file final.txt (compact mmCIF, C-alpha atoms)
# COMPACT_ATOMS: atom_id res chain seq x y z
CA MET A 63 -50.75 -17.96 -40.90
CA THR A 64 -47.79 -20.30 -40.50
CA LEU A 65 -45.37 -17.40 -40.95
CA ALA A 66 -47.17 -15.42 -38.24
CA VAL A 67 -46.90 -18.34 -35.82
CA LEU A 68 -43.18 -18.72 -36.55
CA VAL A 69 -42.60 -15.01 -36.01
CA PHE A 70 -44.48 -15.20 -32.71
CA LEU A 71 -42.46 -18.19 -31.56
CA ILE A 72 -39.17 -16.54 -32.49
CA SER A 73 -39.88 -13.08 -31.07
CA GLY A 74 -42.05 -13.87 -28.07
CA THR A 75 -40.73 -14.60 -24.63
CA SER A 76 -43.21 -17.40 -24.05
CA GLY A 77 -44.19 -20.00 -26.59
CA ILE A 78 -47.60 -21.53 -27.17
CA LEU A 79 -46.74 -24.73 -25.36
CA THR A 80 -45.16 -23.05 -22.30
CA SER A 81 -47.20 -22.28 -19.16
CA LYS A 82 -47.83 -18.67 -18.31
CA LEU A 83 -49.57 -16.56 -15.69
CA HIS A 84 -50.77 -12.99 -15.37
CA LEU A 85 -49.55 -10.52 -12.76
CA ILE A 86 -50.96 -7.08 -11.91
CA ALA A 87 -49.33 -3.90 -10.67
CA TYR A 88 -50.74 -0.40 -10.07
CA PHE A 89 -48.81 2.85 -10.75
CA ASP A 90 -49.52 6.56 -10.40
CA ASN A 91 -48.22 7.23 -13.92
CA ALA A 92 -47.84 5.00 -16.98
CA GLU A 93 -44.62 6.84 -18.03
CA GLY A 94 -45.27 5.97 -21.69
CA LEU A 95 -45.71 2.24 -21.06
CA ARG A 96 -47.80 0.45 -23.72
CA ALA A 97 -49.10 -3.04 -24.36
CA GLY A 98 -46.46 -5.32 -25.85
CA GLN A 99 -43.54 -3.76 -24.00
CA PRO A 100 -41.14 -6.29 -22.35
CA VAL A 101 -41.16 -7.40 -18.73
CA ASP A 102 -37.73 -8.16 -17.21
CA LEU A 103 -36.68 -9.95 -14.06
CA GLN A 104 -33.59 -8.07 -12.89
CA GLY A 105 -32.55 -7.45 -16.48
CA VAL A 106 -33.66 -10.79 -18.02
CA ALA A 107 -36.76 -10.81 -20.31
CA ILE A 108 -39.47 -13.07 -18.87
CA GLY A 109 -42.72 -11.74 -20.40
CA ASN A 110 -44.67 -8.86 -21.93
CA VAL A 111 -47.18 -6.19 -20.95
CA THR A 112 -50.71 -7.21 -22.09
CA SER A 113 -52.67 -4.09 -21.11
CA VAL A 114 -52.27 -0.62 -19.63
CA ARG A 115 -55.45 1.17 -18.48
CA VAL A 116 -56.84 3.53 -15.88
CA VAL A 117 -59.02 1.94 -13.17
CA PRO A 118 -61.60 4.25 -11.57
CA GLY A 119 -61.72 4.49 -7.79
CA ARG A 120 -57.96 4.45 -7.27
CA PRO A 121 -56.88 8.09 -6.81
CA LYS A 122 -53.30 7.33 -5.73
CA ALA A 123 -52.38 4.59 -8.23
CA PRO A 124 -55.04 4.50 -10.97
CA VAL A 125 -52.88 2.96 -13.75
CA GLN A 126 -53.34 -0.81 -13.93
CA VAL A 127 -50.67 -2.82 -15.77
CA ILE A 128 -51.31 -6.49 -16.53
CA MET A 129 -48.27 -8.62 -17.40
CA LYS A 130 -48.01 -12.08 -18.93
CA ILE A 131 -45.09 -14.03 -17.43
CA ASN A 132 -43.38 -17.22 -18.56
CA GLY A 133 -44.27 -19.91 -16.02
CA LYS A 134 -40.73 -21.21 -15.59
CA PHE A 135 -39.76 -17.95 -13.84
CA VAL A 136 -42.55 -18.10 -11.24
CA GLU A 137 -40.29 -19.43 -8.48
CA PHE A 138 -38.20 -16.23 -8.65
CA ILE A 139 -41.15 -13.88 -8.10
CA ARG A 140 -42.63 -13.40 -4.63
CA VAL A 141 -45.94 -11.85 -3.65
CA GLY A 142 -45.99 -9.28 -0.86
CA GLU A 143 -48.14 -9.05 2.24
CA LYS A 144 -50.38 -6.05 2.95
CA ASN A 145 -49.44 -3.87 5.89
CA PRO A 146 -52.57 -3.59 8.07
CA LYS A 147 -51.78 0.03 8.95
CA THR A 148 -50.86 1.40 5.50
CA GLY A 149 -52.56 -1.16 3.25
CA GLN A 150 -49.39 -1.32 1.12
CA LEU A 151 -47.70 -4.51 -0.05
CA GLU A 152 -44.39 -5.31 1.63
CA ASN A 153 -41.60 -7.96 1.46
CA GLY A 154 -42.47 -9.03 -2.08
CA SER A 155 -41.03 -8.58 -5.55
CA THR A 156 -41.17 -5.00 -6.82
CA ALA A 157 -42.36 -3.99 -10.31
CA THR A 158 -40.91 -0.70 -11.58
CA ILE A 159 -41.41 1.18 -14.84
CA GLN A 160 -37.95 1.76 -16.30
CA THR A 161 -36.77 3.56 -19.43
CA ALA A 162 -34.22 2.16 -21.88
CA GLY A 163 -31.89 5.15 -21.92
CA VAL A 164 -32.92 8.80 -21.64
CA LEU A 165 -35.21 8.71 -24.70
CA GLY A 166 -35.81 4.93 -24.98
CA GLU A 167 -39.07 3.05 -24.61
CA SER A 168 -40.51 2.09 -21.24
CA PHE A 169 -40.64 -1.43 -19.85
CA ILE A 170 -41.37 -3.26 -16.58
CA ASP A 171 -38.46 -4.48 -14.43
CA ILE A 172 -39.20 -6.88 -11.56
CA ASP A 173 -36.72 -6.93 -8.66
CA SER A 174 -36.79 -9.91 -6.25
CA ARG A 175 -33.49 -9.39 -4.45
CA LYS A 176 -35.15 -8.43 -1.14
CA ALA A 177 -38.35 -10.45 -1.57
CA VAL A 178 -39.16 -12.98 1.17
CA GLY A 179 -42.86 -13.64 0.59
CA PRO A 180 -44.48 -16.75 -0.95
CA VAL A 181 -44.31 -17.58 -4.67
CA VAL A 182 -46.85 -15.67 -6.80
CA SER A 183 -49.91 -17.29 -8.37
CA ASP A 184 -51.94 -16.33 -11.43
CA GLY A 185 -53.59 -12.91 -10.98
CA ALA A 186 -51.36 -11.88 -8.03
CA GLU A 187 -50.60 -8.22 -7.43
CA LEU A 188 -47.00 -7.00 -7.22
CA GLN A 189 -45.98 -3.99 -5.20
CA ALA A 190 -45.01 -1.04 -7.39
CA GLY A 191 -41.65 0.67 -7.18
CA ASN A 192 -40.80 4.27 -7.88
CA ALA A 193 -38.71 5.21 -10.90
CA PRO A 194 -37.94 8.66 -12.31
CA GLY A 195 -40.28 9.64 -15.15
CA TYR A 196 -39.62 11.67 -18.24
CA GLY A 197 -40.26 14.92 -16.41
CA ASP A 198 -37.83 14.01 -13.59
CA VAL A 199 -35.19 13.01 -16.13
CA ILE A 200 -35.63 16.25 -18.07
CA ARG A 201 -35.60 18.35 -14.90
CA SER A 202 -32.46 16.63 -13.60
CA SER A 203 -30.77 17.08 -16.97
CA GLN A 204 -31.52 20.81 -17.12
CA SER A 205 -28.89 21.61 -14.48
CA THR A 206 -26.36 19.52 -16.41
CA LEU A 207 -27.19 21.36 -19.62
CA GLN A 208 -26.81 24.67 -17.82
CA ASN A 209 -23.38 23.64 -16.54
CA VAL A 210 -22.38 22.57 -20.06
CA ASP A 211 -23.56 25.94 -21.41
CA ILE A 212 -21.47 27.75 -18.76
CA LEU A 213 -18.42 25.69 -19.70
CA LEU A 214 -18.93 26.45 -23.39
CA ASN A 215 -19.18 30.18 -22.66
CA ARG A 216 -15.97 30.07 -20.63
CA ALA A 217 -14.24 28.12 -23.38
CA ASN A 218 -15.32 30.77 -25.91
CA GLU A 219 -13.94 33.52 -23.65
CA ILE A 220 -10.61 31.70 -23.34
CA LEU A 221 -10.40 31.21 -27.12
CA ALA A 222 -11.18 34.90 -27.67
CA GLN A 223 -8.38 35.90 -25.26
CA VAL A 224 -5.99 33.54 -27.00
CA GLN A 225 -6.85 35.02 -30.37
CA GLU A 226 -6.25 38.53 -28.96
CA GLY A 227 -2.82 37.47 -27.69
CA LYS A 228 -3.73 37.64 -24.00
CA GLY A 229 -2.33 35.25 -21.45
CA THR A 230 0.62 32.89 -21.77
CA LEU A 231 -0.98 30.71 -24.44
CA GLY A 232 -2.04 33.76 -26.43
CA GLN A 233 1.49 35.18 -26.31
CA VAL A 234 2.96 31.87 -27.40
CA ILE A 235 0.64 31.69 -30.40
CA ASN A 236 0.70 35.37 -31.45
CA ASP A 237 4.13 36.67 -30.31
CA PRO A 238 6.73 36.19 -33.11
CA THR A 239 9.62 36.47 -30.63
CA MET A 240 8.21 33.60 -28.56
CA VAL A 241 7.92 31.48 -31.68
CA ASN A 242 11.53 32.36 -32.57
CA LYS A 243 12.68 31.33 -29.09
CA ILE A 244 10.86 28.01 -29.38
CA ASN A 245 12.43 27.47 -32.81
CA GLY A 246 15.85 28.29 -31.32
CA ILE A 247 15.33 25.72 -28.55
CA LEU A 248 14.24 23.12 -31.08
CA ASN A 249 17.32 23.87 -33.21
CA GLN A 250 19.56 23.42 -30.17
CA VAL A 251 17.90 20.11 -29.36
CA GLN A 252 18.33 19.01 -32.95
CA GLY A 253 22.01 20.01 -32.85
CA LEU A 254 22.45 18.03 -29.64
CA LEU A 255 20.88 14.99 -31.27
CA ASN A 256 23.17 15.42 -34.28
CA ASP A 257 26.23 15.56 -32.00
CA VAL A 258 25.10 12.40 -30.25
CA SER A 259 24.61 10.68 -33.61
CA ASN A 260 28.11 11.80 -34.70
CA GLY A 261 29.71 10.51 -31.50
CA LYS A 262 30.48 13.92 -30.02
CA GLY A 263 30.43 14.52 -26.28
CA THR A 264 30.15 11.99 -23.48
CA ILE A 265 26.69 10.75 -24.47
CA GLY A 266 27.76 10.51 -28.11
CA GLN A 267 30.82 8.46 -27.20
CA LEU A 268 28.65 6.24 -25.06
CA PHE A 269 26.48 5.46 -28.06
CA THR A 270 29.16 5.27 -30.78
CA ASP A 271 32.47 4.26 -29.11
CA LYS A 272 33.01 0.56 -29.67
CA THR A 273 35.64 0.38 -26.93
CA LEU A 274 33.00 1.21 -24.32
CA VAL A 275 30.85 -1.60 -25.64
CA THR A 276 33.88 -3.92 -25.52
CA LYS A 277 34.63 -2.90 -21.92
CA ALA A 278 31.00 -3.45 -20.98
CA ASN A 279 31.11 -6.91 -22.58
CA ASP A 280 34.36 -7.71 -20.74
CA SER A 281 32.79 -6.66 -17.46
CA LEU A 282 29.80 -8.89 -18.15
CA ASP A 283 32.11 -11.79 -19.03
CA LYS A 284 34.02 -11.32 -15.77
CA MET A 285 30.76 -11.21 -13.85
CA ASN A 286 29.62 -14.43 -15.54
CA ARG A 287 32.93 -16.14 -14.71
CA LEU A 288 32.62 -14.99 -11.10
CA ILE A 289 29.11 -16.42 -10.91
CA ASP A 290 30.32 -19.68 -12.48
CA ASP A 291 33.15 -19.92 -9.91
CA ILE A 292 30.68 -19.35 -7.10
CA ASN A 293 28.39 -22.05 -8.47
CA ALA A 294 31.40 -24.37 -8.76
CA GLY A 295 32.38 -23.70 -5.13
CA LYS A 296 35.65 -21.93 -6.02
CA GLY A 297 37.10 -19.14 -3.91
CA ASN A 298 36.02 -18.00 -0.46
CA LEU A 299 32.57 -16.91 -1.60
CA GLY A 300 32.09 -20.14 -3.50
CA LYS A 301 33.06 -22.19 -0.45
CA LEU A 302 30.68 -20.13 1.66
CA VAL A 303 27.88 -20.96 -0.76
CA LYS A 304 28.74 -24.58 -1.64
CA ASP A 305 30.89 -26.07 1.16
CA GLU A 306 28.63 -28.13 3.41
CA THR A 307 31.25 -28.48 6.15
CA LEU A 308 31.52 -24.69 6.38
CA TYR A 309 27.77 -24.52 6.63
CA ALA A 310 27.83 -27.20 9.34
CA ASN A 311 30.54 -25.30 11.27
CA ILE A 312 28.58 -22.06 11.03
CA ASN A 313 25.44 -23.87 12.12
CA GLN A 314 27.31 -25.45 15.05
CA THR A 315 28.77 -22.08 16.06
CA VAL A 316 25.33 -20.50 15.94
CA GLY A 317 24.01 -23.37 18.06
CA LYS A 318 26.74 -22.85 20.68
CA ALA A 319 26.09 -19.13 20.69
CA ASN A 320 22.39 -19.78 21.25
CA LYS A 321 23.22 -22.19 24.12
CA LEU A 322 25.54 -19.57 25.65
CA LEU A 323 22.78 -16.98 25.45
CA ASP A 324 20.35 -19.43 27.04
CA ASP A 325 22.82 -20.06 29.91
CA LEU A 326 23.26 -16.33 30.37
CA ASN A 327 19.51 -15.79 30.46
CA ALA A 328 19.13 -18.71 32.91
CA GLY A 329 21.91 -17.35 35.18
CA ARG A 330 24.19 -20.34 34.72
CA GLY A 331 28.00 -19.99 34.89
CA PRO A 332 30.05 -16.98 36.09
CA ALA A 333 28.79 -14.73 33.32
CA GLY A 334 25.22 -15.84 33.94
CA LYS A 335 25.57 -15.14 37.66
CA LEU A 336 27.07 -11.78 36.79
CA LEU A 337 23.93 -10.97 34.81
CA LYS A 338 21.26 -12.68 36.95
CA ASP A 339 22.61 -13.06 40.57
CA GLU A 340 21.38 -10.00 42.47
CA GLU A 341 23.54 -10.81 45.51
CA PHE A 342 26.65 -10.95 43.37
CA ALA A 343 25.60 -7.70 41.70
CA ARG A 344 25.22 -6.03 45.12
CA LYS A 345 28.68 -7.27 46.21
CA LEU A 346 30.18 -6.02 42.97
CA GLN A 347 28.49 -2.67 43.44
CA ASN A 348 29.74 -2.50 47.05
CA THR A 349 33.30 -3.22 45.89
CA ILE A 350 33.05 -0.56 43.21
CA ASP A 351 31.74 1.92 45.79
CA LYS A 352 34.68 1.18 48.12
CA LEU A 353 37.20 1.56 45.30
CA SER A 354 35.55 4.84 44.38
CA LEU A 355 35.81 5.99 48.01
CA ILE A 356 39.52 5.04 48.12
CA ALA A 357 40.10 6.91 44.88
CA ASP A 358 38.33 9.97 46.31
CA ARG A 359 40.52 9.83 49.47
CA LEU A 360 43.66 9.48 47.36
CA GLU A 361 42.56 12.45 45.30
CA ALA A 362 41.91 14.44 48.49
CA GLY A 363 45.35 13.48 49.95
CA ASP A 364 43.99 11.54 52.92
CA GLY A 365 46.07 8.75 54.48
CA THR A 366 49.65 7.69 53.79
CA ALA A 367 49.03 6.84 50.13
CA GLY A 368 47.12 10.10 49.67
CA ARG A 369 49.93 12.13 51.21
CA LEU A 370 52.44 10.27 49.07
CA LEU A 371 50.46 11.38 46.02
CA LYS A 372 49.56 14.91 47.11
CA ASP A 373 52.12 16.11 49.80
CA PRO A 374 55.23 17.64 48.12
CA SER A 375 57.34 17.31 51.30
CA VAL A 376 56.78 13.55 51.41
CA TYR A 377 57.81 13.34 47.78
CA ASN A 378 60.90 15.51 48.42
CA ASN A 379 61.94 13.52 51.50
CA THR A 380 61.48 10.26 49.66
CA ASP A 381 63.45 11.56 46.74
CA GLN A 382 66.22 12.82 49.05
CA MET A 383 66.38 9.47 50.85
CA LEU A 384 66.69 7.66 47.53
CA VAL A 385 69.51 10.01 46.49
CA GLU A 386 71.37 9.48 49.78
CA THR A 387 70.87 5.71 49.50
CA ARG A 388 72.35 5.68 46.01
CA THR A 389 75.29 7.79 47.29
CA LEU A 390 75.92 5.39 50.21
CA ILE A 391 75.80 2.34 47.93
CA LYS A 392 78.23 4.02 45.56
CA ALA A 393 80.65 4.84 48.43
CA ILE A 394 80.47 1.24 49.74
CA ARG A 395 81.31 -0.08 46.31
CA GLU A 396 84.26 2.28 45.99
CA ASN A 397 85.73 1.61 49.48
CA PRO A 398 84.15 -1.45 51.05
CA LYS A 399 86.85 -1.73 53.75
CA LYS A 400 85.84 1.59 55.16
CA TYR A 401 82.33 0.48 55.81
CA LEU A 402 82.65 -3.26 56.15
CA THR A 403 84.90 -4.30 59.12
CA ILE A 404 84.88 -7.93 60.30
CA HIS A 405 85.96 -8.58 63.90
CA PHE A 406 86.88 -12.11 64.92
CA ARG A 407 86.77 -13.08 68.58
CA VAL A 408 87.97 -16.37 69.99
CA PHE A 409 86.24 -17.61 73.03

call {"tool": "encode", "arguments": {"input": "final.txt", "output": "structure tokens"}}
result
Amino acid sequence: MTLAVLVFLISGTSGILTSKLHLIAYFDNAEGLRAGQPVDLQGVAIGNVTSVRVVPGRPKAPVQVIMKINGKFVEFIRVGEKNPKTGQLENGSTATIQTAGVLGESFIDIDSRKAVGPVVSDGAELQAGNAPGYGDVIRSSQSTLQNVDILLNRANEILAQVQEGKGTLGQVINDPTMVNKINGILNQVQGLLNDVSNGKGTIGQLFTDKTLVTKANDSLDKMNRLIDDINAGKGNLGKLVKDETLYANINQTVGKANKLLDDLNAGRGPAGKLLKDEEFARKLQNTIDKLSLIADRLEAGDGTAGRLLKDPSVYNNTDQMLVETRTLIKAIRENPKKYLTIHFRVF
């Protein structure tokens, strides 16, 4: 007797000294549920099924299931309210018959995630949920089994074609020449690996030549020395990184540049007026237009300057006058008395 009590206390979900209450739910099918099967609250065991029987006078849900629940879980279970139109319970915890795996035993699972009703009391009825039964599981698995059978048949057909030497894979397995080619490729790869191991070729020298390793080490040493010099503030790059005065000068220059840009944007100074003063811009545009007009007139040969540029006779006359002037100056220098006569008169 004592052993039986100990086994009950160890295996049961509710002890002798713990409070408990009974809940009822009605289903259209027992789905293999029996007395003694567990009752879970969202996956946690909270009680057991005490009885499963058919109640006359209930054509839609004749299967009555009575559950014994540990009292400390009562606050998590809510009773629903009957809809006056349909007579069904709503907004309460839902009891569903679930199956542990495809071929496992049935049990009751209570879901309270969407329940908003009051806390249940002893003898309260829970609204029943729908869960797929054995027949639904078997029917849904038949299509999967059919697909697996089709895949197995196709796999058998592919294996038969491979054995007959059809297709690329079949030719690779059954064609001796293909096997010989693969062996030749593998031999070439092995020869390449042997050459690399023996230090032949560029890759082989890279792996076996000690001078390359020495050069690589020298390069790393130089790089380390360069980094040390930079950290010590040596050289131009080191000064750029470490010299605070250089940083201050750069910062000051950037500040002046920012102030200059602010003045330009604000229209201060000649350059700012050039960018922002619309009147000055119009005058500048007017001047440019006039210069363009003068250039067009010069190009067309209008006016004295235009004729000087475009009229050949004006150029020839000017050139002739310059030649005669040079000749006259030369003659005066050679015989100044002939051209320069000074007359004195006494009054």

call {"tool": "atom_distance", "arguments": {"input": "final.txt", "atom1": "atom CA of Arg120 of chain A", "atom2": "atom CA of Thr148 of chain A"}}
result
14.9 Å

call {"tool": "atom_distance", "arguments": {"input": "final.txt", "atom1": "atom CA of Glu143 of chain A", "atom2": "atom CA of Lys176 of chain A"}}
result
13.4 Å

call {"tool": "residues_around", "arguments": {"input": "final.txt", "residues": "segment 95-102 of chain A", "least_positions_apart": "2", "cutoff": "10 Å", "atoms": "all atoms listed in the file", "output": "PyMOL selection string"}}
result
chain A and resi 74-75+91-93+104-115+127-131+157-161+167-173

call {"tool": "write_last_selection", "arguments": {"input": "final.txt", "atoms": "C-alpha atoms", "output": "PDB file, in the coordinates of the input"}}
result
ATOM      1  CA  GLY A  74     -42.050 -13.870 -28.070  1.00  0.00           C
ATOM      2  CA  THR A  75     -40.730 -14.600 -24.630  1.00  0.00           C
ATOM      3  CA  ASN A  91     -48.220   7.230 -13.920  1.00  0.00           C
ATOM      4  CA  ALA A  92     -47.840   5.000 -16.980  1.00  0.00           C
ATOM      5  CA  GLU A  93     -44.620   6.840 -18.030  1.00  0.00           C
ATOM      6  CA  GLN A 104     -33.590  -8.070 -12.890  1.00  0.00           C
ATOM      7  CA  GLY A 105     -32.550  -7.450 -16.480  1.00  0.00           C
ATOM      8  CA  VAL A 106     -33.660 -10.790 -18.020  1.00  0.00           C
ATOM      9  CA  ALA A 107     -36.760 -10.810 -20.310  1.00  0.00           C
ATOM     10  CA  ILE A 108     -39.470 -13.070 -18.870  1.00  0.00           C
ATOM     11  CA  GLY A 109     -42.720 -11.740 -20.400  1.00  0.00           C
ATOM     12  CA  ASN A 110     -44.670  -8.860 -21.930  1.00  0.00           C
ATOM     13  CA  VAL A 111     -47.180  -6.190 -20.950  1.00  0.00           C
ATOM     14  CA  THR A 112     -50.710  -7.210 -22.090  1.00  0.00           C
ATOM     15  CA  SER A 113     -52.670  -4.090 -21.110  1.00  0.00           C
ATOM     16  CA  VAL A 114     -52.270  -0.620 -19.630  1.00  0.00           C
ATOM     17  CA  ARG A 115     -55.450   1.170 -18.480  1.00  0.00           C
ATOM     18  CA  VAL A 127     -50.670  -2.820 -15.770  1.00  0.00           C
ATOM     19  CA  ILE A 128     -51.310  -6.490 -16.530  1.00  0.00           C
ATOM     20  CA  MET A 129     -48.270  -8.620 -17.400  1.00  0.00           C
ATOM     21  CA  LYS A 130     -48.010 -12.080 -18.930  1.00  0.00           C
ATOM     22  CA  ILE A 131     -45.090 -14.030 -17.430  1.00  0.00           C
ATOM     23  CA  ALA A 157     -42.360  -3.990 -10.310  1.00  0.00           C
ATOM     24  CA  THR A 158     -40.910  -0.700 -11.580  1.00  0.00           C
ATOM     25  CA  ILE A 159     -41.410   1.180 -14.840  1.00  0.00           C
ATOM     26  CA  GLN A 160     -37.950   1.760 -16.300  1.00  0.00           C
ATOM     27  CA  THR A 161     -36.770   3.560 -19.430  1.00  0.00           C
ATOM     28  CA  GLU A 167     -39.070   3.050 -24.610  1.00  0.00           C
ATOM     29  CA  SER A 168     -40.510   2.090 -21.240  1.00  0.00           C
ATOM     30  CA  PHE A 169     -40.640  -1.430 -19.850  1.00  0.00           C
ATOM     31  CA  ILE A 170     -41.370  -3.260 -16.580  1.00  0.00           C
ATOM     32  CA  ASP A 171     -38.460  -4.480 -14.430  1.00  0.00           C
ATOM     33  CA  ILE A 172     -39.200  -6.880 -11.560  1.00  0.00           C
ATOM     34  CA  ASP A 173     -36.720  -6.930  -8.660  1.00  0.00           C
TER      35      ASP A 173
END

call {"tool": "closest_residue", "arguments": {"input": "final.txt", "among": "A:Leu337, A:Arg369, A:Val181, A:Asp90", "to": "Phe138 of chain A", "atoms": "only C-alpha atoms"}}
result
A:Val181

call {"tool": "build_atoms", "arguments": {"input": "final.txt", "residues": "segment 153-166 of chain A", "atoms": "N, CA and C atoms", "output": "PDB file, in the coordinates of the input"}}
result
ATOM      1  N   ASN A 153     -42.407  -6.737   1.450  1.00  0.00           N
ATOM      2  CA  ASN A 153     -41.600  -7.960   1.460  1.00  0.00           C
ATOM      3  C   ASN A 153     -41.818  -8.833   0.229  1.00  0.00           C
ATOM      4  N   GLY A 154     -42.288  -8.272  -0.854  1.00  0.00           N
ATOM      5  CA  GLY A 154     -42.470  -9.030  -2.080  1.00  0.00           C
ATOM      6  C   GLY A 154     -41.621  -8.474  -3.204  1.00  0.00           C
ATOM      7  N   SER A 155     -41.732  -9.078  -4.375  1.00  0.00           N
ATOM      8  CA  SER A 155     -41.030  -8.580  -5.550  1.00  0.00           C
ATOM      9  C   SER A 155     -41.612  -7.227  -5.951  1.00  0.00           C
ATOM     10  N   THR A 156     -40.772  -6.359  -6.473  1.00  0.00           N
ATOM     11  CA  THR A 156     -41.170  -5.000  -6.820  1.00  0.00           C
ATOM     12  C   THR A 156     -41.155  -4.820  -8.322  1.00  0.00           C
ATOM     13  N   ALA A 157     -42.259  -4.296  -8.878  1.00  0.00           N
ATOM     14  CA  ALA A 157     -42.360  -3.990 -10.310  1.00  0.00           C
ATOM     15  C   ALA A 157     -42.176  -2.488 -10.499  1.00  0.00           C
ATOM     16  N   THR A 158     -41.242  -2.111 -11.351  1.00  0.00           N
ATOM     17  CA  THR A 158     -40.910  -0.700 -11.580  1.00  0.00           C
ATOM     18  C   THR A 158     -40.917  -0.417 -13.070  1.00  0.00           C
ATOM     19  N   ILE A 159     -41.455   0.747 -13.443  1.00  0.00           N
ATOM     20  CA  ILE A 159     -41.410   1.180 -14.840  1.00  0.00           C
ATOM     21  C   ILE A 159     -40.059   1.843 -15.090  1.00  0.00           C
ATOM     22  N   GLN A 160     -39.266   1.240 -15.969  1.00  0.00           N
ATOM     23  CA  GLN A 160     -37.950   1.760 -16.300  1.00  0.00           C
ATOM     24  C   GLN A 160     -37.948   2.260 -17.737  1.00  0.00           C
ATOM     25  N   THR A 161     -36.920   3.016 -18.083  1.00  0.00           N
ATOM     26  CA  THR A 161     -36.770   3.560 -19.430  1.00  0.00           C
ATOM     27  C   THR A 161     -35.447   3.103 -20.001  1.00  0.00           C
ATOM     28  N   ALA A 162     -35.443   2.587 -21.215  1.00  0.00           N
ATOM     29  CA  ALA A 162     -34.220   2.160 -21.880  1.00  0.00           C
ATOM     30  C   ALA A 162     -33.477   3.377 -22.392  1.00  0.00           C
ATOM     31  N   GLY A 163     -32.586   3.922 -21.563  1.00  0.00           N
ATOM     32  CA  GLY A 163     -31.890   5.150 -21.920  1.00  0.00           C
ATOM     33  C   GLY A 163     -32.742   6.368 -21.606  1.00  0.00           C
ATOM     34  N   VAL A 164     -32.209   7.547 -21.942  1.00  0.00           N
ATOM     35  CA  VAL A 164     -32.920   8.800 -21.640  1.00  0.00           C
ATOM     36  C   VAL A 164     -34.170   8.922 -22.498  1.00  0.00           C
ATOM     37  N   LEU A 165     -34.095   8.560 -23.769  1.00  0.00           N
ATOM     38  CA  LEU A 165     -35.210   8.710 -24.700  1.00  0.00           C
ATOM     39  C   LEU A 165     -35.726   7.357 -25.195  1.00  0.00           C
ATOM     40  N   GLY A 166     -35.376   6.251 -24.538  1.00  0.00           N
ATOM     41  CA  GLY A 166     -35.810   4.930 -24.980  1.00  0.00           C
ATOM     42  C   GLY A 166     -37.225   4.616 -24.537  1.00  0.00           C
TER      43      GLY A 166
END
